[in-house]
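Enquirer: Before we start, here is the structure in question, set down as structure tokens.
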Amino acid sequence: MLTVFDSATIAPPDRLEAWREITAASLAPTAIDCPDPGAFAAHLRATPLGDAQITSLAYTALAARRTPREIRRSDPEYYQVGLIRAGRQGVAQNDASAVLGCGDLVIYDSSRPFEAVVGGGSRAESVVLQFGRRMLPLPARQVAGLCAVSLPGTEGIGRLLATFLASMADGRTRCTERDALRLETVAVDLTTAVLAHHLERDNPPLCSPTRTLYLRVIAFIEHNLHDPELTPVTIARAHRISTRYLHRIFQQHHPVGVAGHIRTHRLDQARRDLADPGLGHLTIAAIARRWGFSRPADFSRAFHRRTGVPPRDYRNSA
């Protein structure tokens with residue numbers, strides 16, 4: 001992991017303001033207060049995983065609030081998953097609140113106000129995984145019900161996610177840039193598995209026949225992303241259902257529509273290929289065709305809208 005911030009290198013009167021700046025840049029802007037600014041100490045290390053990031057933090061007593069003002073100022077539209085490694089912390093969001101101890105997991109949403117509080121006493125430590133909300137294949141309205149809820153990270157499937165986060169935070173996993181892109185998928189998949197486990201416990205309809213069909217459709221799309229003829233019509237025909245019913249299933253189980261899901265995942269795969277030095281011999285047009293874009297101009301426009309840069313500039317910077 002890359003050390004981004006160490007309060008020991010900063011004069012005590014300047015530490016709290018420096019912490020505000022580094023957490024705003026690395027995580028999301030929050031209003032941070034401290035009961036004893038002169039004694040404040042903190043440490044932050046971060047490592048990127050593709051578009052995701054894992055951040056290891058240690059800090060003394062503080063209160064952090066993400067208010068509507070901070071959200072208007074900057075909203076990266078992240079989900080943030082925290083693993084508590086030491087100390088006790090309170091968190092509140094969406095009319096829910098929890099007191100978290102060592103080994104607990106929690107998720108919160110950067111697009112909604114939240115509050116986190118660490119009391120006096122020993123220093124608190126946590127690991128935060130953050131990734132774009134669009135990357136989580138679960139309905140936002142259901143995920144909202146799990147925000148600021150204590151989820152066990154010492155048993156069951158939660159332990160798998162907690163172990164992964166702790167291993168990454170401790171720097172025991174050395175990886176290349178290509179490895180990081182793969183680990184991004186692992187991190188999101190583990191988070192999805194943990195949240196789905198708790199949603200299924202509290203919301204049995206997730207196990208319904210429509211949910212099973214939805215998962216089959218998702219797998220079919222992933223397997224056929226390269227096919228330029230992959231459309232809602234062909235997907236519905238392959239599963240012997242009407243296009244209207246296909247769209248209804250996605251409305252129930254997915255944050256975006258069928259076409260939006262296909263386009264997003266094609267662009268994400270193309271983005272990974274453009275960043276892969278092992279595929280440098282392929283032209284941008286060839287990579288576009290590889291992921292179902294038959295017209296390079298359409299691919300360039302869609303890629304620019306999604307990433308903010310043209311494909312060629314993205315490849316050069318990667």
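For the structure tokens, the naming scheme is as follows: chains receive sequential letters (A, B, ...) according to their order of presentation, residues are indexed from 1 within each chain, and ligands are indexed from 1 in presentation order.
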I want to know what sits within 12 Å of Arg134 (chain A), based on only C-alpha atoms, with residues of the same chain fewer than 2 positions away left out; could you give that as a list in words?
Expert: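 In the requested format, the answer is Asp51, Ala52, Pro76, Glu77, Tyr78, Tyr79, Asp109, Gln130, Phe131, Gly132, Leu136, Pro137, Leu138, Pro139, Ala140, Val188, His254, Pro255, Val256, Gly257, Gly260, His261, Thr264, His265, Asp268 and Arg306 of chain A.
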Enquirer: Quick one: residues within 8 Å of region 179-186 of chain A, only C-alpha atoms, excluding same-chain residues fewer than 2 positions away - as a list in words?
Expert: Pro48, Leu49, Gly50, Asp51, Ala52, Cys175, Thr176, Glu177, Val188, Asp189, Leu190 and Arg272 of chain A
Enquirer: Can you list, as a ChimeraX atom specification, every protein, DNA or RNA residue that comes within 10 Å of Ala302 (chain A) when you count only C-alpha atoms, leaving out same-chain residues fewer than 5 positions away?
Expert: /A:263-264,267,293,296-297,307-308,310-311
Enquirer: Based on the selection just made, write N, CA, C and O atoms of those residues as a PDB file, in the first residue's frame.
Expert:
ATOM      1  N   ARG A 263     -24.159  -2.113 -22.272  1.00  0.00           N
ATOM      2  CA  ARG A 263     -23.227  -1.063 -22.674  1.00  0.00           C
ATOM      3  C   ARG A 263     -22.163  -0.817 -21.594  1.00  0.00           C
ATOM      4  O   ARG A 263     -20.964  -0.715 -21.887  1.00  0.00           O
ATOM      5  N   THR A 264     -22.586  -0.758 -20.335  1.00  0.00           N
ATOM      6  CA  THR A 264     -21.649  -0.498 -19.239  1.00  0.00           C
ATOM      7  C   THR A 264     -20.592  -1.586 -19.147  1.00  0.00           C
ATOM      8  O   THR A 264     -19.393  -1.303 -19.015  1.00  0.00           O
ATOM      9  N   LEU A 267     -18.087  -1.505 -22.058  1.00  0.00           N
ATOM     10  CA  LEU A 267     -17.119  -0.420 -21.888  1.00  0.00           C
ATOM     11  C   LEU A 267     -16.112  -0.738 -20.799  1.00  0.00           C
ATOM     12  O   LEU A 267     -14.923  -0.412 -20.925  1.00  0.00           O
ATOM     13  N   PHE A 293     -18.683  -3.694 -30.198  1.00  0.00           N
ATOM     14  CA  PHE A 293     -18.900  -2.393 -30.834  1.00  0.00           C
ATOM     15  C   PHE A 293     -18.456  -2.499 -32.295  1.00  0.00           C
ATOM     16  O   PHE A 293     -17.264  -2.492 -32.593  1.00  0.00           O
ATOM     17  N   PRO A 296     -16.421   1.890 -34.677  1.00  0.00           N
ATOM     18  CA  PRO A 296     -15.449   2.544 -33.783  1.00  0.00           C
ATOM     19  C   PRO A 296     -15.890   3.922 -33.308  1.00  0.00           C
ATOM     20  O   PRO A 296     -15.620   4.304 -32.167  1.00  0.00           O
ATOM     21  N   ALA A 297     -16.570   4.677 -34.165  1.00  0.00           N
ATOM     22  CA  ALA A 297     -16.998   6.023 -33.760  1.00  0.00           C
ATOM     23  C   ALA A 297     -18.010   5.958 -32.615  1.00  0.00           C
ATOM     24  O   ALA A 297     -17.956   6.773 -31.681  1.00  0.00           O
ATOM     25  N   THR A 307     -15.961   7.625 -19.313  1.00  0.00           N
ATOM     26  CA  THR A 307     -14.704   7.823 -18.589  1.00  0.00           C
ATOM     27  C   THR A 307     -14.249   9.276 -18.536  1.00  0.00           C
ATOM     28  O   THR A 307     -13.401   9.630 -17.727  1.00  0.00           O
ATOM     29  N   GLY A 308     -14.808  10.097 -19.428  1.00  0.00           N
ATOM     30  CA  GLY A 308     -14.395  11.492 -19.463  1.00  0.00           C
ATOM     31  C   GLY A 308     -13.199  11.758 -20.361  1.00  0.00           C
ATOM     32  O   GLY A 308     -12.782  12.910 -20.512  1.00  0.00           O
ATOM     33  N   PRO A 310     -11.096  10.327 -24.228  1.00  0.00           N
ATOM     34  CA  PRO A 310     -11.179   9.465 -25.409  1.00  0.00           C
ATOM     35  C   PRO A 310     -10.380   8.177 -25.177  1.00  0.00           C
ATOM     36  O   PRO A 310      -9.454   8.145 -24.367  1.00  0.00           O
ATOM     37  N   PRO A 311     -10.710   7.114 -25.908  1.00  0.00           N
ATOM     38  CA  PRO A 311      -9.991   5.840 -25.723  1.00  0.00           C
ATOM     39  C   PRO A 311      -8.481   5.958 -25.898  1.00  0.00           C
ATOM     40  O   PRO A 311      -7.720   5.367 -25.138  1.00  0.00           O
TER      41      PRO A 311
END
Enquirer: From the DSSP assignment of the backbone, select every residue of region 84-240 of chain A that is helix (DSSP H, G or I), and format the answer as a ChimeraX atom specification.
Expert: /A:133-135,140-144,156-169,177-202,204-207,209-223,232-238
Enquirer: Looking only at strand (DSSP E) from DSSP on the backbone, list the matching residues of region 30-192 of chain A as JSON, numbers by chain.
Expert: {"A": [31, 32, 33, 42, 43, 44, 45, 46, 47, 48, 49, 52, 53, 54, 55, 56, 57, 58, 59, 62, 63, 64, 65, 66, 78, 79, 80, 81, 82, 83, 84, 85, 86, 89, 90, 91, 92, 93, 96, 97, 98, 99, 100, 104, 105, 106, 107, 108, 109, 114, 115, 116, 117, 118, 124, 125, 126, 127, 128, 129, 130, 131, 132, 151, 152]}
Enquirer: Take the residues that were just selected and, keeping C-alpha atoms, output them as a compact mmCIF listing (two decimals), in the first residue's frame.
Expert:
# COMPACT_ATOMS: atom_id res chain seq x y z
CA ALA A 31 -17.09 17.90 7.99
CA ILE A 32 -14.63 16.63 10.62
CA ASP A 33 -14.38 17.81 14.22
CA ALA A 42 -3.91 9.78 12.18
CA HIS A 43 -2.48 7.61 9.43
CA LEU A 44 -3.84 6.75 5.99
CA ARG A 45 -2.64 4.34 3.32
CA ALA A 46 -4.40 3.65 0.05
CA THR A 47 -4.09 1.34 -2.92
CA PRO A 48 -6.13 1.45 -6.15
CA LEU A 49 -7.90 -1.59 -7.55
CA ALA A 52 -12.05 0.85 -6.77
CA GLN A 53 -9.78 1.62 -3.84
CA ILE A 54 -8.85 0.07 -0.50
CA THR A 55 -7.85 2.52 2.23
CA SER A 56 -6.35 1.66 5.62
CA LEU A 57 -6.98 4.29 8.31
CA ALA A 58 -5.98 4.83 11.92
CA TYR A 59 -7.12 7.86 13.94
CA LEU A 62 -13.20 12.50 15.94
CA ALA A 63 -16.66 13.06 14.48
CA ALA A 64 -17.15 13.02 10.70
CA ARG A 65 -20.40 14.15 9.09
CA ARG A 66 -21.27 14.07 5.43
CA TYR A 78 -19.50 5.54 -4.07
CA TYR A 79 -20.49 2.70 -1.86
CA GLN A 80 -18.00 2.44 0.98
CA VAL A 81 -17.58 -0.79 2.93
CA GLY A 82 -15.80 -0.51 6.25
CA LEU A 83 -14.06 -3.20 8.32
CA ILE A 84 -13.41 -2.22 11.93
CA ARG A 85 -10.01 -3.48 13.08
CA ALA A 86 -9.64 -1.72 16.42
CA GLN A 89 -17.09 3.47 16.22
CA GLY A 90 -20.63 4.74 15.81
CA VAL A 91 -22.21 5.23 12.40
CA ALA A 92 -25.63 6.51 11.28
CA GLN A 93 -27.34 6.76 7.88
CA ALA A 96 -30.34 3.56 11.04
CA SER A 97 -27.42 3.57 13.46
CA ALA A 98 -24.97 1.06 14.88
CA VAL A 99 -22.06 0.85 17.29
CA LEU A 100 -19.31 -1.15 15.60
CA ASP A 104 -17.69 -5.75 12.22
CA LEU A 105 -18.47 -4.74 8.64
CA VAL A 106 -20.63 -1.81 7.57
CA ILE A 107 -21.68 -0.22 4.28
CA TYR A 108 -22.65 3.38 3.62
CA ASP A 109 -23.51 5.48 0.61
CA PHE A 114 -24.13 10.02 7.22
CA GLU A 115 -22.29 10.47 10.50
CA ALA A 116 -19.40 8.53 12.02
CA VAL A 117 -18.08 9.05 15.54
CA VAL A 118 -15.01 7.69 17.32
CA ALA A 124 -9.40 3.35 16.15
CA GLU A 125 -8.44 1.46 13.00
CA SER A 126 -10.48 0.53 9.94
CA VAL A 127 -10.20 -0.55 6.31
CA VAL A 128 -12.49 1.02 3.72
CA LEU A 129 -13.29 -0.43 0.32
CA GLN A 130 -14.90 2.07 -2.02
CA PHE A 131 -16.25 1.56 -5.52
CA GLY A 132 -18.80 3.12 -7.84
CA LEU A 151 -22.72 -6.94 9.60
CA PRO A 152 -20.57 -9.71 11.11
Enquirer: Using Å and a single decimal, report how far CA of Asp273 (chain A) sits from CA of Leu27 (chain A).
Expert: 26.6 Å
Enquirer: To one decimal place, how far is CA of Ala166 (chain A) from CA of Ser150 (chain A) in Å?
Expert: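 Calculated distance between CA of Ala166 (chain A) and CA of Ser150 (chain A) is 17.5 Å.
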Enquirer: I want to know what sits within 10 Å of Thr154 (chain A), based on only C-alpha atoms, with residues of the same chain fewer than 2 positions away left out; could you give that as a PDB file with N, CA and C atoms, in the first residue's frame?
Expert:
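What ended up in around_15.pdb:
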ATOM      1  N   CYS A 102     -14.527  -4.389  16.821  1.00  0.00           N
ATOM      2  CA  CYS A 102     -13.528  -5.105  16.039  1.00  0.00           C
ATOM      3  C   CYS A 102     -14.155  -6.300  15.320  1.00  0.00           C
ATOM      4  N   GLY A 103     -13.933  -6.382  14.002  1.00  0.00           N
ATOM      5  CA  GLY A 103     -14.453  -7.484  13.211  1.00  0.00           C
ATOM      6  C   GLY A 103     -15.772  -7.201  12.526  1.00  0.00           C
ATOM      7  N   ASP A 104     -16.412  -6.084  12.849  1.00  0.00           N
ATOM      8  CA  ASP A 104     -17.691  -5.750  12.221  1.00  0.00           C
ATOM      9  C   ASP A 104     -17.470  -5.120  10.846  1.00  0.00           C
ATOM     10  N   LEU A 105     -18.424  -5.375   9.959  1.00  0.00           N
ATOM     11  CA  LEU A 105     -18.468  -4.745   8.642  1.00  0.00           C
ATOM     12  C   LEU A 105     -19.641  -3.787   8.584  1.00  0.00           C
ATOM     13  N   LEU A 151     -22.744  -5.646  10.276  1.00  0.00           N
ATOM     14  CA  LEU A 151     -22.720  -6.936   9.599  1.00  0.00           C
ATOM     15  C   LEU A 151     -21.515  -7.723  10.113  1.00  0.00           C
ATOM     16  N   PRO A 152     -21.693  -8.960  10.525  1.00  0.00           N
ATOM     17  CA  PRO A 152     -20.572  -9.710  11.110  1.00  0.00           C
ATOM     18  C   PRO A 152     -19.481 -10.026  10.099  1.00  0.00           C
ATOM     19  N   GLY A 156     -19.056 -16.844   8.822  1.00  0.00           N
ATOM     20  CA  GLY A 156     -19.811 -16.976   7.583  1.00  0.00           C
ATOM     21  C   GLY A 156     -19.138 -16.282   6.421  1.00  0.00           C
ATOM     22  N   ILE A 157     -19.948 -15.844   5.459  1.00  0.00           N
ATOM     23  CA  ILE A 157     -19.416 -15.240   4.247  1.00  0.00           C
ATOM     24  C   ILE A 157     -18.787 -13.877   4.515  1.00  0.00           C
ATOM     25  N   GLY A 158     -19.233 -13.216   5.596  1.00  0.00           N
ATOM     26  CA  GLY A 158     -18.630 -11.947   5.958  1.00  0.00           C
ATOM     27  C   GLY A 158     -17.156 -12.079   6.286  1.00  0.00           C
ATOM     28  N   ARG A 159     -16.779 -13.237   6.812  1.00  0.00           N
ATOM     29  CA  ARG A 159     -15.367 -13.450   7.156  1.00  0.00           C
ATOM     30  C   ARG A 159     -14.492 -13.477   5.905  1.00  0.00           C
ATOM     31  N   LEU A 160     -15.031 -13.975   4.794  1.00  0.00           N
ATOM     32  CA  LEU A 160     -14.266 -13.992   3.547  1.00  0.00           C
ATOM     33  C   LEU A 160     -13.931 -12.568   3.107  1.00  0.00           C
ATOM     34  N   LEU A 161     -14.941 -11.686   3.153  1.00  0.00           N
ATOM     35  CA  LEU A 161     -14.707 -10.297   2.764  1.00  0.00           C
ATOM     36  C   LEU A 161     -13.747  -9.620   3.733  1.00  0.00           C
ATOM     37  N   ALA A 162     -13.940  -9.841   5.039  1.00  0.00           N
ATOM     38  CA  ALA A 162     -13.072  -9.212   6.040  1.00  0.00           C
ATOM     39  C   ALA A 162     -11.623  -9.668   5.880  1.00  0.00           C
ATOM     40  N   THR A 163     -11.421 -10.948   5.632  1.00  0.00           N
ATOM     41  CA  THR A 163     -10.062 -11.469   5.450  1.00  0.00           C
ATOM     42  C   THR A 163      -9.407 -10.861   4.222  1.00  0.00           C
TER      43      THR A 163
END
Enquirer: Please list as a list of chain:residue names every residue within 10 Å of region 227-241 of chain A, counting only C-alpha atoms and excluding residues in the same chain fewer than 6 positions away.
Expert: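 What passes the distance filter is A:Leu213, A:Arg216, A:Val217, A:Ile218, A:Phe220, A:Ile221, A:His247, A:Gly257, A:Val258, A:Ala259, A:Ile262, A:Arg289, A:Arg290, A:Trp291, A:Gly292, A:Phe293, A:Ser294, A:Arg295.
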Enquirer: The selected residues should be written to file as a CSV table (one decimal), in the first residue's frame (atoms: N, CA, C and O atoms).
Expert:
chain,number,residue,atom,x,y,z
A,213,LEU,N,-34.2,-16.5,-12.8
A,213,LEU,CA,-34.1,-16.2,-14.2
A,213,LEU,C,-33.2,-15.0,-14.5
A,213,LEU,O,-32.5,-14.9,-15.4
A,216,ARG,N,-29.7,-16.0,-14.5
A,216,ARG,CA,-29.4,-16.7,-15.8
A,216,ARG,C,-29.2,-15.7,-16.9
A,216,ARG,O,-28.3,-15.9,-17.7
A,217,VAL,N,-30.0,-14.7,-16.9
A,217,VAL,CA,-29.9,-13.6,-18.0
A,217,VAL,C,-28.5,-12.9,-17.8
A,217,VAL,O,-27.8,-12.7,-18.8
A,218,ILE,N,-28.2,-12.6,-16.6
A,218,ILE,CA,-26.9,-11.9,-16.3
A,218,ILE,C,-25.7,-12.7,-16.8
A,218,ILE,O,-24.8,-12.2,-17.5
A,220,PHE,N,-25.8,-15.0,-19.1
A,220,PHE,CA,-25.9,-15.1,-20.6
A,220,PHE,C,-25.3,-13.8,-21.2
A,220,PHE,O,-24.5,-13.9,-22.2
A,221,ILE,N,-25.6,-12.7,-20.6
A,221,ILE,CA,-25.1,-11.4,-21.1
A,221,ILE,C,-23.5,-11.4,-21.0
A,221,ILE,O,-22.8,-11.1,-22.0
A,247,HIS,N,-37.6,-6.7,-19.5
A,247,HIS,CA,-37.4,-5.4,-19.0
A,247,HIS,C,-38.0,-5.3,-17.6
A,247,HIS,O,-37.4,-4.7,-16.7
A,257,GLY,N,-31.3,-0.5,-16.9
A,257,GLY,CA,-32.0,-1.4,-17.8
A,257,GLY,C,-31.1,-2.3,-18.5
A,257,GLY,O,-29.8,-2.3,-18.4
A,258,VAL,N,-31.7,-3.2,-19.4
A,258,VAL,CA,-30.9,-4.2,-20.0
A,258,VAL,C,-29.8,-3.6,-20.9
A,258,VAL,O,-28.7,-4.0,-20.9
A,259,ALA,N,-30.2,-2.7,-21.8
A,259,ALA,CA,-29.3,-2.1,-22.7
A,259,ALA,C,-28.2,-1.3,-22.0
A,259,ALA,O,-27.0,-1.4,-22.4
A,262,ILE,N,-25.7,-3.9,-20.6
A,262,ILE,CA,-24.8,-4.4,-21.7
A,262,ILE,C,-23.7,-3.3,-22.1
A,262,ILE,O,-22.5,-3.6,-22.1
A,289,ARG,N,-14.3,-3.9,-31.3
A,289,ARG,CA,-15.0,-5.0,-32.0
A,289,ARG,C,-15.0,-6.3,-31.0
A,289,ARG,O,-16.0,-7.0,-31.0
A,290,ARG,N,-13.9,-6.4,-30.3
A,290,ARG,CA,-13.8,-7.5,-29.4
A,290,ARG,C,-14.9,-7.5,-28.3
A,290,ARG,O,-15.3,-8.6,-27.8
A,291,TRP,N,-15.5,-6.4,-28.0
A,291,TRP,CA,-16.5,-6.2,-27.0
A,291,TRP,C,-17.9,-5.8,-27.6
A,291,TRP,O,-18.6,-5.1,-27.0
A,292,GLY,N,-18.1,-6.1,-28.9
A,292,GLY,CA,-19.4,-5.9,-29.5
A,292,GLY,C,-19.7,-4.6,-30.1
A,292,GLY,O,-20.8,-4.3,-30.5
A,293,PHE,N,-18.7,-3.7,-30.2
A,293,PHE,CA,-18.9,-2.4,-30.8
A,293,PHE,C,-18.5,-2.5,-32.3
A,293,PHE,O,-17.3,-2.5,-32.6
A,294,SER,N,-19.4,-2.6,-33.2
A,294,SER,CA,-19.1,-2.8,-34.6
A,294,SER,C,-18.7,-1.5,-35.3
A,294,SER,O,-18.0,-1.5,-36.3
A,295,ARG,N,-19.0,-0.3,-34.7
A,295,ARG,CA,-18.6,1.0,-35.3
A,295,ARG,C,-17.7,1.7,-34.3
A,295,ARG,O,-18.1,2.1,-33.2
Enquirer: Given only C-alpha atoms as the basis, pick out the residue of A:Pro29, A:Phe250, A:Gly87, A:Ala39 nearest to Arg73 (chain A).
Expert: A:Pro29
Enquirer: Can you work out the spacing between CA of His281 (chain A) and CA of Arg301 (chain A) in Å, to one decimal?
Expert: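 About the pair CA of His281 (chain A) and CA of Arg301 (chain A): they are 22.3 Å apart.
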Enquirer: Looking at only C-alpha atoms, which of A:Gln252, A:His223, A:Pro37, A:Arg315 is the one that sits closest to Leu282 (chain A)?
Expert: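 Checking each of A:Gln252, A:His223, A:Pro37, A:Arg315 against Leu282 (chain A), counting only C-alpha atoms, the winner is A:Arg315.
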Enquirer: I'd like the contact shell of Asp36 (chain A) - 12 Å cut-off, only C-alpha atoms, skipping same-chain residues fewer than 5 positions apart - returned as an mmCIF file with C-alpha atoms, in the first residue's frame.
Expert:
data_model
loop_
_atom_site.group_PDB
_atom_site.id
_atom_site.type_symbol
_atom_site.label_atom_id
_atom_site.label_comp_id
_atom_site.auth_asym_id
_atom_site.auth_seq_id
_atom_site.Cartn_x
_atom_site.Cartn_y
_atom_site.Cartn_z
ATOM 1 C CA PRO A 12 0.227 19.324 15.683
ATOM 2 C CA PRO A 13 -1.762 22.544 14.989
ATOM 3 C CA ARG A 15 -2.844 17.949 11.555
ATOM 4 C CA LEU A 16 -6.640 18.112 11.708
ATOM 5 C CA ALA A 41 -3.085 11.742 15.309
ATOM 6 C CA THR A 60 -7.854 9.199 17.389
ATOM 7 C CA ALA A 61 -11.209 10.584 18.567
ATOM 8 C CA LEU A 62 -13.197 12.499 15.942
ATOM 9 C CA ALA A 63 -16.657 13.058 14.484
ATOM 10 C CA GLY A 119 -14.835 8.289 21.064
ATOM 11 C CA GLY A 120 -11.811 8.867 23.247
#
